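Participant: The file below is coords-v6.txt, compact mmCIF, C-alpha atoms:
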```txt
# COMPACT_ATOMS: atom_id res chain seq x y z
CA MET W 19 84.84 -48.06 187.06
CA ARG W 20 86.75 -49.31 190.08
CA ASP W 21 84.62 -50.42 193.03
CA MET W 22 85.24 -47.90 195.75
CA ASP W 23 83.27 -47.36 198.96
CA GLN W 24 83.61 -43.58 199.04
CA THR W 25 81.48 -41.22 197.02
CA ILE W 26 83.15 -38.81 194.61
CA ILE W 27 83.00 -35.35 196.16
CA LYS W 28 81.03 -32.80 194.18
CA PHE W 29 81.57 -29.26 195.44
CA ASN W 30 81.30 -25.93 193.66
CA TYR W 31 84.73 -26.42 192.11
CA ASP W 32 83.56 -26.41 188.50
CA LYS W 33 83.16 -22.65 188.48
CA ASN W 34 86.91 -22.26 189.02
CA PHE W 35 87.94 -24.52 186.17
CA LYS W 36 88.72 -22.45 183.08
CA ASN W 37 89.69 -23.67 179.63
CA GLU W 38 90.40 -27.38 179.73
CA ASP W 39 90.41 -27.93 183.48
CA PHE W 40 92.84 -25.22 184.49
CA TYR W 41 91.90 -24.53 188.11
CA LEU W 42 92.09 -20.92 189.26
CA SER W 43 93.21 -20.08 192.77
CA LYS W 44 95.17 -17.35 194.52
CA SER W 45 98.33 -19.14 193.40
CA ASN W 46 97.81 -18.58 189.67
CA LYS W 47 94.79 -16.34 189.00
CA HIS W 48 96.90 -13.18 188.68
CA VAL W 49 98.85 -14.80 185.82
CA PHE W 50 95.72 -16.10 184.12
CA ASP W 51 94.05 -12.68 184.35
CA PHE W 52 97.11 -10.86 183.02
CA LEU W 53 97.42 -13.11 179.97
CA ASN W 54 93.71 -12.57 179.30
CA MET W 55 94.32 -8.82 179.15
CA TRP W 56 96.34 -9.22 175.93
CA PRO W 57 97.20 -7.02 174.08
CA LYS W 58 96.66 -4.37 176.77
CA TRP W 59 100.00 -4.92 178.46
CA GLU W 60 102.39 -2.25 179.70
CA LYS W 61 105.28 -4.02 177.96
CA ASN W 62 105.49 -6.55 175.14
CA PHE W 63 107.90 -8.86 176.97
CA VAL W 64 106.46 -11.12 179.69
CA ASN W 65 108.05 -13.85 181.80
CA VAL W 66 105.90 -16.50 183.49
CA SER W 67 107.95 -18.39 186.06
CA GLY W 68 107.18 -21.13 188.51
CA GLU W 69 108.28 -24.59 189.57
CA LYS W 70 107.90 -27.67 187.41
CA LEU W 71 104.28 -28.84 186.88
CA CYS W 72 102.80 -25.60 188.23
CA GLY W 73 100.78 -25.05 185.04
CA LYS W 74 102.95 -22.73 182.93
CA THR W 75 102.52 -24.74 179.73
CA HIS W 76 98.81 -25.18 180.41
CA LEU W 77 98.40 -21.40 180.64
CA ILE W 78 100.40 -20.89 177.45
CA ASN W 79 98.24 -23.39 175.56
CA ILE W 80 95.11 -21.58 176.74
CA PHE W 81 96.61 -18.30 175.57
CA LEU W 82 97.50 -19.69 172.15
CA LYS W 83 94.01 -21.06 171.63
CA LYS W 84 92.67 -17.54 171.98
CA ASN W 85 95.47 -15.62 170.30
CA LYS W 86 97.49 -16.51 167.23
CA GLY W 87 101.10 -17.29 167.99
CA ILE W 88 104.03 -19.68 167.70
CA LYS W 89 105.77 -21.64 170.45
CA PHE W 90 109.37 -22.83 170.74
CA ASP W 91 111.24 -24.83 173.35
CA SER W 92 114.34 -22.83 174.28
CA ARG W 93 116.43 -26.01 174.36
CA TYR W 94 115.91 -26.54 170.63
CA LEU W 95 115.90 -22.96 169.39
CA GLY W 96 117.59 -22.72 165.98
CA ASN W 97 118.51 -20.08 163.41
CA ASP W 98 115.58 -21.03 161.19
CA ASP W 99 113.21 -20.09 163.98
CA LEU W 100 114.05 -16.42 163.47
CA LYS W 101 112.38 -16.68 160.06
CA LYS W 102 109.36 -18.54 161.42
CA ILE W 103 108.33 -15.76 163.80
CA LYS W 104 107.83 -13.26 160.97
CA ILE W 105 104.13 -13.94 160.48
CA TYR W 106 103.23 -14.20 164.17
CA GLU W 107 102.35 -11.44 166.59
CA ASN W 108 102.92 -13.62 169.66
CA VAL W 109 106.09 -15.63 170.22
CA ILE W 110 106.39 -18.08 173.10
CA ILE W 111 109.71 -19.40 174.38
CA GLU W 112 109.29 -22.21 176.90
CA ASN W 113 111.66 -23.78 179.44
CA LEU W 114 114.20 -20.98 179.39
CA SER W 115 117.39 -21.66 181.31
CA SER W 116 121.08 -20.75 181.11
CA ASP W 117 121.53 -23.59 178.58
CA VAL W 118 119.91 -21.53 175.82
CA ASN W 119 121.87 -20.25 172.81
CA GLU W 120 122.23 -16.74 174.20
CA LYS W 121 123.18 -14.99 170.97
CA LEU W 122 120.24 -16.55 169.17
CA LEU W 123 117.82 -15.63 171.95
CA TYR W 124 119.15 -12.07 172.00
CA SER W 125 118.67 -11.81 168.22
CA LEU W 126 115.12 -13.12 168.55
CA LEU W 127 114.29 -10.57 171.25
CA ASN W 128 115.74 -7.75 169.15
CA LEU W 129 113.73 -8.83 166.13
CA ALA W 130 110.57 -9.06 168.21
CA GLU W 131 111.10 -5.55 169.56
CA GLN W 132 111.78 -4.10 166.11
CA GLU W 133 108.59 -5.63 164.75
CA ASN W 134 106.52 -4.83 167.85
CA LYS W 135 105.78 -8.47 168.64
CA PHE W 136 104.78 -9.90 171.99
CA ILE W 137 107.14 -12.31 173.74
CA ILE W 138 106.16 -14.70 176.53
CA ILE W 139 108.97 -16.68 178.13
CA THR W 140 108.35 -19.46 180.64
CA SER W 141 111.01 -20.56 183.09
CA ILE W 142 111.47 -22.10 186.50
CA LYS W 143 113.45 -19.14 187.80
CA PRO W 144 112.47 -15.55 186.91
CA VAL W 145 114.36 -14.50 183.80
CA VAL W 146 116.23 -11.81 185.76
CA ASN W 147 117.69 -14.54 187.99
CA ILE W 148 119.03 -16.68 185.16
CA SER W 149 122.82 -16.51 184.89
CA PHE W 150 123.39 -15.34 181.33
CA ASP W 151 126.93 -14.72 180.10
CA LEU W 152 125.89 -12.20 177.45
CA LYS W 153 125.70 -8.75 179.06
CA ASP W 154 123.20 -7.47 176.50
CA LEU W 155 120.90 -10.41 177.28
CA LYS W 156 121.14 -9.65 181.00
CA SER W 157 120.04 -6.13 180.19
CA ARG W 158 117.16 -7.39 178.06
CA ALA W 159 115.99 -9.62 180.91
CA LYS W 160 115.34 -6.54 183.03
CA ASN W 161 112.72 -5.34 180.53
CA PHE W 162 110.31 -8.21 181.15
CA ILE W 163 107.10 -8.05 183.13
CA LEU W 164 107.62 -10.75 185.77
CA LEU W 165 104.75 -13.06 186.68
CA ASN W 166 105.30 -15.90 189.13
CA ILE W 167 102.98 -18.85 189.74
CA GLU W 168 103.16 -19.28 193.49
CA LYS W 169 103.26 -22.45 195.55
CA PRO W 170 99.84 -24.11 195.68
CA ASP W 171 97.46 -22.95 198.40
CA ASP W 172 95.05 -25.30 200.20
CA GLU W 173 92.29 -24.70 197.67
CA LEU W 174 94.51 -25.55 194.71
CA ILE W 175 95.99 -28.65 196.38
CA PHE W 176 92.45 -29.84 197.10
CA ALA W 177 91.41 -29.30 193.48
CA ILE W 178 94.51 -30.99 192.03
CA ILE W 179 94.10 -34.08 194.19
CA LEU W 180 90.35 -34.33 193.64
CA LYS W 181 90.53 -33.79 189.88
CA ASN W 182 93.43 -36.15 189.24
CA LEU W 183 92.05 -38.95 191.38
CA SER W 184 88.62 -38.51 189.78
CA ASP W 185 90.26 -38.75 186.35
CA ARG W 186 91.68 -42.09 187.49
CA GLN W 187 88.18 -43.13 188.59
CA ILE W 188 89.23 -43.06 192.22
CA SER W 189 86.74 -41.54 194.64
CA ILE W 190 87.93 -40.07 197.91
CA ASP W 191 86.34 -38.63 201.02
CA LYS W 192 86.80 -34.93 201.79
CA LYS W 193 88.31 -35.68 205.21
CA PHE W 194 91.15 -37.63 203.54
CA ILE W 195 92.05 -34.73 201.24
CA GLU W 196 92.02 -32.32 204.18
CA TYR W 197 94.34 -34.68 206.06
CA ILE W 198 96.71 -34.83 203.06
CA ILE W 199 96.74 -31.04 202.60
CA LYS W 200 98.00 -30.52 206.16
CA ARG W 201 100.91 -32.92 205.65
CA ILE W 202 102.00 -32.88 202.02
CA ASP W 203 104.95 -30.85 200.75
CA ARG W 204 103.67 -27.71 199.01
CA SER W 205 105.37 -28.58 195.77
CA TYR W 206 103.54 -29.30 192.51
CA SER W 207 105.88 -32.17 191.67
CA LYS W 208 105.43 -33.70 195.15
CA ILE W 209 101.65 -33.46 194.85
CA TYR W 210 101.59 -35.20 191.46
CA ASP W 211 104.05 -37.79 192.73
CA PHE W 212 101.76 -38.43 195.69
CA ILE W 213 98.74 -38.88 193.38
CA TYR W 214 100.64 -41.40 191.27
CA LYS W 215 101.86 -43.37 194.29
CA ILE W 216 98.50 -43.49 196.04
CA ASP W 217 96.88 -44.69 192.81
CA GLN W 218 99.48 -47.45 192.45
CA LEU W 219 99.25 -48.51 196.09
CA SER W 220 95.45 -48.55 196.01
CA LEU W 221 95.56 -50.77 192.92
CA LYS W 222 98.17 -53.05 194.45
CA LYS W 223 96.21 -53.52 197.66
CA LYS W 224 92.88 -53.61 195.79
CA LYS W 225 91.48 -51.27 198.42
CA SER W 226 89.83 -47.89 198.44
CA ILE W 227 91.88 -45.05 199.88
CA ASP W 228 91.96 -44.92 203.66
CA PHE W 229 94.16 -43.33 206.31
CA LYS W 230 96.50 -46.32 206.35
CA ILE W 231 97.23 -46.03 202.62
CA ILE W 232 97.59 -42.26 202.84
CA LYS W 233 100.04 -42.48 205.73
CA GLU W 234 102.10 -45.09 203.92
CA VAL W 235 102.41 -42.88 200.83
CA LEU W 236 103.24 -39.84 202.97
CA GLY W 237 105.91 -41.88 204.72
CA GLU W 238 104.36 -41.49 208.16
```
Reformat the file's structure so that it appears as structure tokens.
Facilitator:
Amino acid sequence: MRDMDQTIIKFNYDKNFKNEDFYLSKSNKHVFDFLNMWPKWEKNFVNVSGEKLCGKTHLINIFLKKNKGIKFDSRYLGNDDLKKIKIYENVIIENLSSDVNEKLLYSLLNLAEQENKFIIITSIKPVVNISFDLKDLKSRAKNFILLNIEKPDDELIFAIILKNLSDRQISIDKKFIEYIIKRIDRSYSKIYDFIYKIDQLSLKKKKSIDFKIIKEVLGE
């Protein structure tokens, strides 16, 4: 373990970690709770949207551990996949964008509806905001329950920074995290980028994290 002066913070954060360190906060709990209600959904088609690294895939993997299903990446969806979904009640399509084979996706959705299957699509933009060329697919998109993972709140930013630095065996004082939260861009990708950079800079300088290192990474 790296020799750091600070003590790893131990708060009551464990109670909010569910299923393989997925941290629940106001930003994502509504999505987590909805997926846990399966199969008691109002509709069989659900879209989970949110920016990159917000936890969409993590949530899907938790869902699939509890409920039998099959997962595809929309970028590599092929004709053979229509046959593969036959034996599954839940079908997951990840990373949906306008680059998808629209006719194939439309066929898959039709097949799922005919056989009363459940569809979960993940995307950065809500499915209704994706610019499809196929009119029938645009119409289908309106039939989805829309769930959005929101930008991280203070509690979630705190947990992400603490957990990821602890995983790297880096301890950090609470006052430093609170300082970071007030100044960091509320973007999941920016937060993870910050964690990577502060780890690298701390290693390079062979120093524990202090305000000077934090300010340098934040560009202050």
Participant: Restricting the calculation to all atoms listed in the file: of W:Glu234, W:Asp217, W:Glu133, W:Asp99, which residue gets closest to Ile190 in chain W?
Facilitator: W:Asp217
Participant: Identify the residues within 8 Å of coordinate (96.3, -15.1, 167.6) (same frame as the file), considering only C-alpha atoms, and give the answer as a list in words.
Facilitator: Leu82, Lys83, Lys84, Asn85, Lys86, Gly87, Tyr106, Glu107 and Asn108 of chain W
Participant: Find the residues near Ser149 in chain W: any atom within 10 Å, counting only C-alpha atoms, skip ones fewer than 6 places away on the same chain, and give them as JSON, numbers by chain.
Facilitator: {"W": [115, 116, 117, 155, 156]}
Participant: Can you work out the spacing between CA of Gly68 in chain W and CA of Ile179 in chain W in Å, to one decimal?
Facilitator: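 CA of Ile179 in chain W lies at a distance of 19.3 Å from CA of Gly68 in chain W.
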Participant: Please list, as a count of residues only, the residues that have an atom at most 8 Å away from (110.6, -21.5, 185.6) in the coordinates of this file, counting all atoms listed in the file.
Facilitator: 12
Participant: Please report the interatomic distance between CA of Ile88 in chain W and CA of Val109 in chain W in Å with one decimal.
Facilitator: 5.2 Å
Participant: Just want the 12 Å neighbourhood of Ile110 in chain W, counted on only C-alpha atoms, with same-chain residues fewer than 5 positions away dropped. Output as a CSV table (one decimal) with C-alpha atoms, keeping the file's coordinate frame.
Facilitator:
```
chain,number,residue,atom,x,y,z
W,62,ASN,CA,105.5,-6.6,175.1
W,63,PHE,CA,107.9,-8.9,177.0
W,64,VAL,CA,106.5,-11.1,179.7
W,65,ASN,CA,108.0,-13.8,181.8
W,66,VAL,CA,105.9,-16.5,183.5
W,74,LYS,CA,103.0,-22.7,182.9
W,75,THR,CA,102.5,-24.7,179.7
W,77,LEU,CA,98.4,-21.4,180.6
W,78,ILE,CA,100.4,-20.9,177.4
W,79,ASN,CA,98.2,-23.4,175.6
W,81,PHE,CA,96.6,-18.3,175.6
W,82,LEU,CA,97.5,-19.7,172.2
W,85,ASN,CA,95.5,-15.6,170.3
W,86,LYS,CA,97.5,-16.5,167.2
W,87,GLY,CA,101.1,-17.3,168.0
W,88,ILE,CA,104.0,-19.7,167.7
W,89,LYS,CA,105.8,-21.6,170.4
W,90,PHE,CA,109.4,-22.8,170.7
W,91,ASP,CA,111.2,-24.8,173.4
W,92,SER,CA,114.3,-22.8,174.3
W,95,LEU,CA,115.9,-23.0,169.4
W,99,ASP,CA,113.2,-20.1,164.0
W,103,ILE,CA,108.3,-15.8,163.8
W,123,LEU,CA,117.8,-15.6,172.0
W,126,LEU,CA,115.1,-13.1,168.6
W,127,LEU,CA,114.3,-10.6,171.2
W,130,ALA,CA,110.6,-9.1,168.2
W,135,LYS,CA,105.8,-8.5,168.6
W,136,PHE,CA,104.8,-9.9,172.0
W,137,ILE,CA,107.1,-12.3,173.7
W,138,ILE,CA,106.2,-14.7,176.5
W,139,ILE,CA,109.0,-16.7,178.1
W,140,THR,CA,108.4,-19.5,180.6
W,141,SER,CA,111.0,-20.6,183.1
```
Participant: Could you pull the residues within 9 Å of range 205-213 of chain W, counting all atoms listed in the file, minus those fewer than 2 positions along the same chain, as a ChimeraX atom specification?
Facilitator: /W:69-72,169-170,175,178-179,182-183,202-203,215-218,235-236
Participant: How far is it from CA of Leu42 in chain W to CA of Leu219 in chain W, in Å with one decimal?
Facilitator: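 Pair CA of Leu42 in chain W / CA of Leu219 in chain W returns 29.3 Å.
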Participant: Pick the closest to Lys233 in chain W from W:Leu221, W:Ile198, W:Ala177, W:Leu152: which is it, counting all atoms listed in the file?
Facilitator: W:Ile198
Participant: Within 10 Å of range 226-229 of chain W, which residues of range 92-191 of chain W come that close, and what is the closest atom pair and distance in Å for each? Count only C-alpha atoms and give it as a tab-separated table.
Facilitator:
```
residue	atom	partner	partner_atom	distance
W:Ile188	CA	W:Ser226	CA	7.9
W:Ser189	CA	W:Ser226	CA	8.0
W:Ile190	CA	W:Ile227	CA	6.7
W:Asp191	CA	W:Ile227	CA	8.6
```
